[in-house]
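Encoded as structure tokens, the structure appears first; notes follow it.
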Amino acid sequence: MIRIGVLVSGSGSNLQAIMDACASGLIDGTVAVVISNVPDAYALVRARKMSVPTVVVQHEAYPDRESFDEALAGKLEEYQVDLVTLAGFMRVLTPAFLRRFPGRIMNIHPALLPSFPGLHVRQKAIDYGVRFSGCTVHFVDEGVDTGPIIIQAVVPVYPDDTEEELNERILRLEHRIYPMAIRLFAENRLVVEGRKVRVKGLEKDPAAFLVNPPIEGCTL
Ligand code: GAR
């Protein structure tokens, strides 16, 4: 059973999906601690409701990123986490932090990386006119949203979408793929080979495809 540390800054719907997946046995693991840099993040309420320990580490209280990250890493080590998951955590981590948990930090991003890294990416996808977007779970490296990709899910984008509509469509899938990525990690099935993540025991589906707008014989 793995011990998971979850870093949050906001509503915590991904945290909820992870806690639910641990409770249902989908993930052979437990959320050992939830750490927020925002004291009134709703994610903290969700954690307390599930009797999961919470810690607030406010970035404003530290003189620089290094000392903030040092405090975060110290807390995660105190709770003996095997895996650090960023779930709507809106801070970029320092190389020193990454070195403390090598190959053991994951993030979820609301776009199909490497398209649309960074912030406000749902609106950017709509404005660009892409036909598909989605979400990506990846290992964290020193870049912003550049680490090796573990799992992605795709949703259609429509020209008249609002940011909220696309967000809802993407979030529903985030809640499916983040627990799945963590499950694969807990099962020791993720092998990082350079930029690529090989999933042990993966079944290929060479016939799978999506088209938007649909063509005959293709339903989304
Ligand atoms: C999610 O959509 C996640 O992909 C995004 O923040 C949201 C958090 O929602 N993360 C990022 O944009 C990271 N750069 P949640 O707090 O309800 O899980």
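As shown in the structure tokens, the chain order sets the letters A, B, ...; within each chain, residues go from 1, and ligands are also counted from 1 in the order they appear.
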Self-check item: Selection within 9 Å of ligand 1 by only C-alpha atoms and all ligand atoms, output as a PyMOL selection string
Solution: chain A and resi 8-17+41-43+86-92+107-111+117-121+135-137+144-145+167-168+170-171+174-175
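One finds CA of Gly29 in chain A at 4.5 Å from CA of Met1 in chain A.
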| Out of A:Ile105, A:Met50, A:Ile150, A:Leu44, which residue has the shortest atom-to-atom distance to Gly5 in chain A when counting only C-alpha atoms? |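 Using only C-alpha atoms, the shortest distance to Gly5 in chain A belongs to A:Ile105.
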*Write down as a ChimeraX atom specification the residues of range 84-181 of chain A whose backbone DSSP state falls under strand (DSSP E or B).*
/A:84-86,105-109,132-139,149-156
With a distance cut-off of 8 Å and only C-alpha atoms, select the neighbouring residues of range 71-85 of chain A, excluding the residue or stretch itself and same-chain residues fewer than 4 positions from it, and output the selection as a list in words.
Ile2, Arg3, Ile4, Gly5, Val6, Leu7, Ala32, Val33, Ile35, Val57, Ser67, Phe97, Arg100, Phe101, Arg104, Ile105, Met106 and Asn107 of chain A
Gap from CA of Arg176 in chain A to CA of Leu202 in chain A - Å, one decimal: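 Separation between CA of Arg176 in chain A and CA of Leu202 in chain A: 17.1 Å.
Restricting the calculation to only C-alpha atoms, the smallest distance between Leu93 in chain A and any of A:Arg65, A:Arg122, A:Arg189, A:Arg183 is found for A:Arg65.
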